[in-house]
Amino acid sequence: IVYKNFNRYECLAHSIRSAKFFFEDSDIYCVDFYSSDSYDEKNYDKIPLDKSKIFTQKTKYNKYIHEWNSQVFSEGHNAIYELFKNYAGKVLSVNEDQFFTTGDTIKDLKENDFDLAWANWYWPSNNTVNASVICFKPMACGDLFPFPENKEYVDDLYYRHIVASQPKHGLSLYKMLFRVGNDYRGDGLRVGGVGIGDDLACPRIYDELARHNMIF
């Protein structure tokens with residue numbers, strides 16, 4: 001599992017701690033984006049991972065331009081693909097606010113075979129993709145990357161790029177069972193994007209983890 005983060009360290013820390021219930025520490029990574037001239041070394045201490053598991057990268061975009069959010073999401077997935085493109089297994093590429101309370105999402109992805117697993121979104125139609133969580137085999141999906149970094153909403157763009165283009169790429173796709181629109185089927189919660197802000201999202205993650213006795 002590889003987290004991508006931009007300045008949401010509290011959310012990220014909670015989510016990584018939840019992942020540690022279901023992954024070995026050695027299988028958890030993070031790509032930490034920054035916008036300043038250089039990376040602030042103090043940020044390493046905010047991420048509950050060994051420094052060797054944290055990759056830093058300067059973002060090309062303003063992370064708060066929502067109408068262009070395909071740039072934000074694709075930049076993260078593309079960076080993760082480049083880091084792990086020679087890996088033969090599955091990579092679960094997720095936003096910093098993707099956390100888990102039952103592990104059903106991870107179990108489902110481990111037990112089913114596919115080249116790429118995607119989660120259905122619901123806006124502006126059901127033919128859309130939840131861009132915050134994608135699982136793929138890098139060595140099988142080389143023709144699909146890089147994901148387009150366009151100035152448009154990501155939901156429909158990802159459906160066109162991943163699902164509708166499947167015949168061209170010949171990929172085996174799988175629709176996730178525990179990420180269906182806003183309904184995460186009890187395995188975490190959809191807490192909102194960057195525009196919501198850590199002031200609201202992070203307490204919701206903390207409270208849900210506490211409710212499942214997963215605070216440590």
# chains A, B, ... in the order shown; residues from 1 in each chain; ligands from 1
call {"tool": "residues_around", "arguments": {"residues": "Glu67 in chain A", "least_positions_apart": "4", "cutoff": "12 Å", "atoms": "only C-alpha atoms", "output": "count of residues only"}}
result
12
call {"tool": "closest_atom_pairs", "arguments": {"of": "range 7-93 of chain A", "to": "range 129-136 of chain A", "cutoff": "10 Å", "atoms": "only C-alpha atoms", "output": "JSON lines"}}
result
{"residue": "A:Asn69", "atom": "CA", "partner": "A:Ala131", "partner_atom": "CA", "distance": 9.6}
{"residue": "A:Ser70", "atom": "CA", "partner": "A:Ala131", "partner_atom": "CA", "distance": 8.4}
{"residue": "A:Val72", "atom": "CA", "partner": "A:Ala131", "partner_atom": "CA", "distance": 9.9}
{"residue": "A:Phe73", "atom": "CA", "partner": "A:Ala131", "partner_atom": "CA", "distance": 6.5}
{"residue": "A:Ser74", "atom": "CA", "partner": "A:Ala131", "partner_atom": "CA", "distance": 8.4}
{"residue": "A:Gly76", "atom": "CA", "partner": "A:Ser132", "partner_atom": "CA", "distance": 9.6}
{"residue": "A:His77", "atom": "CA", "partner": "A:Ile134", "partner_atom": "CA", "distance": 8.3}
{"residue": "A:Tyr81", "atom": "CA", "partner": "A:Phe136", "partner_atom": "CA", "distance": 9.0}
{"residue": "A:Ala88", "atom": "CA", "partner": "A:Phe136", "partner_atom": "CA", "distance": 10.0}
{"residue": "A:Gly89", "atom": "CA", "partner": "A:Phe136", "partner_atom": "CA", "distance": 8.3}
{"residue": "A:Lys90", "atom": "CA", "partner": "A:Phe136", "partner_atom": "CA", "distance": 5.4}
{"residue": "A:Val91", "atom": "CA", "partner": "A:Phe136", "partner_atom": "CA", "distance": 5.4}
{"residue": "A:Leu92", "atom": "CA", "partner": "A:Cys135", "partner_atom": "CA", "distance": 4.2}
{"residue": "A:Ser93", "atom": "CA", "partner": "A:Ile134", "partner_atom": "CA", "distance": 5.4}
call {"tool": "select_by_dssp", "arguments": {"residues": "range 30-208 of chain A", "states": "alpha helix (DSSP H)", "output": "PyMOL selection string"}}
result
chain A and resi 69-84+104-111+154-158+166-169+198-208
call {"tool": "select_by_dssp", "arguments": {"residues": "chain A", "states": "strand (DSSP E or B)", "output": "ChimeraX atom specification"}}
result
/A:2-5,29-34,54-58,91-95,116-120,129-136,173-180,183
call {"tool": "atom_distance", "arguments": {"atom1": "CA of Trp68 in chain A", "atom2": "CA of Leu157 in chain A"}}
result
11.2 Å
call {"tool": "closest_residue", "arguments": {"among": "A:Leu83, A:Cys202, A:Met214, A:Ala164", "to": "Leu12 in chain A", "atoms": "only C-alpha atoms"}}
result
A:Cys202
call {"tool": "residues_around", "arguments": {"residues": "Gly188 in chain A", "least_positions_apart": "3", "cutoff": "8 Å", "atoms": "only C-alpha atoms", "output": "list in words"}}
result
Gln98, Phe99, Phe100, Thr101, Thr102, Tyr184, Arg185, Ile205 and Glu208 of chain A
call {"tool": "write_last_selection", "arguments": {"atoms": "C-alpha atoms", "output": "PDB file, in the first residue's frame"}}
result
ATOM      1  CA  GLN A  98      -8.088   6.283   3.086  1.00  0.00           C
ATOM      2  CA  PHE A  99      -8.191   4.265   6.297  1.00  0.00           C
ATOM      3  CA  PHE A 100      -9.439   0.802   7.169  1.00  0.00           C
ATOM      4  CA  THR A 101     -11.324  -0.572  10.155  1.00  0.00           C
ATOM      5  CA  THR A 102     -12.190  -4.163   9.192  1.00  0.00           C
ATOM      6  CA  TYR A 184     -17.330   2.033   2.320  1.00  0.00           C
ATOM      7  CA  ARG A 185     -19.354  -0.910   3.686  1.00  0.00           C
ATOM      8  CA  ILE A 205     -10.932   9.333  11.202  1.00  0.00           C
ATOM      9  CA  GLU A 208     -13.914   5.936  13.831  1.00  0.00           C
TER      10      GLU A 208
END
call {"tool": "closest_residue", "arguments": {"among": "A:Ser15, A:Thr56, A:Thr105, A:Ser172", "to": "Ser35 in chain A", "atoms": "only C-alpha atoms"}}
result
A:Thr56
call {"tool": "residues_around", "arguments": {"residues": "Ile215 in chain A", "least_positions_apart": "5", "cutoff": "10 Å", "atoms": "only C-alpha atoms", "output": "ChimeraX atom specification"}}
result
/A:14,17-18,206-210
call {"tool": "atom_distance", "arguments": {"atom1": "CA of Glu24 in chain A", "atom2": "CA of Asp187 in chain A"}}
result
18.5 Å
call {"tool": "atom_distance", "arguments": {"atom1": "CA of Phe55 in chain A", "atom2": "CA of Asn5 in chain A"}}
result
10.4 Å
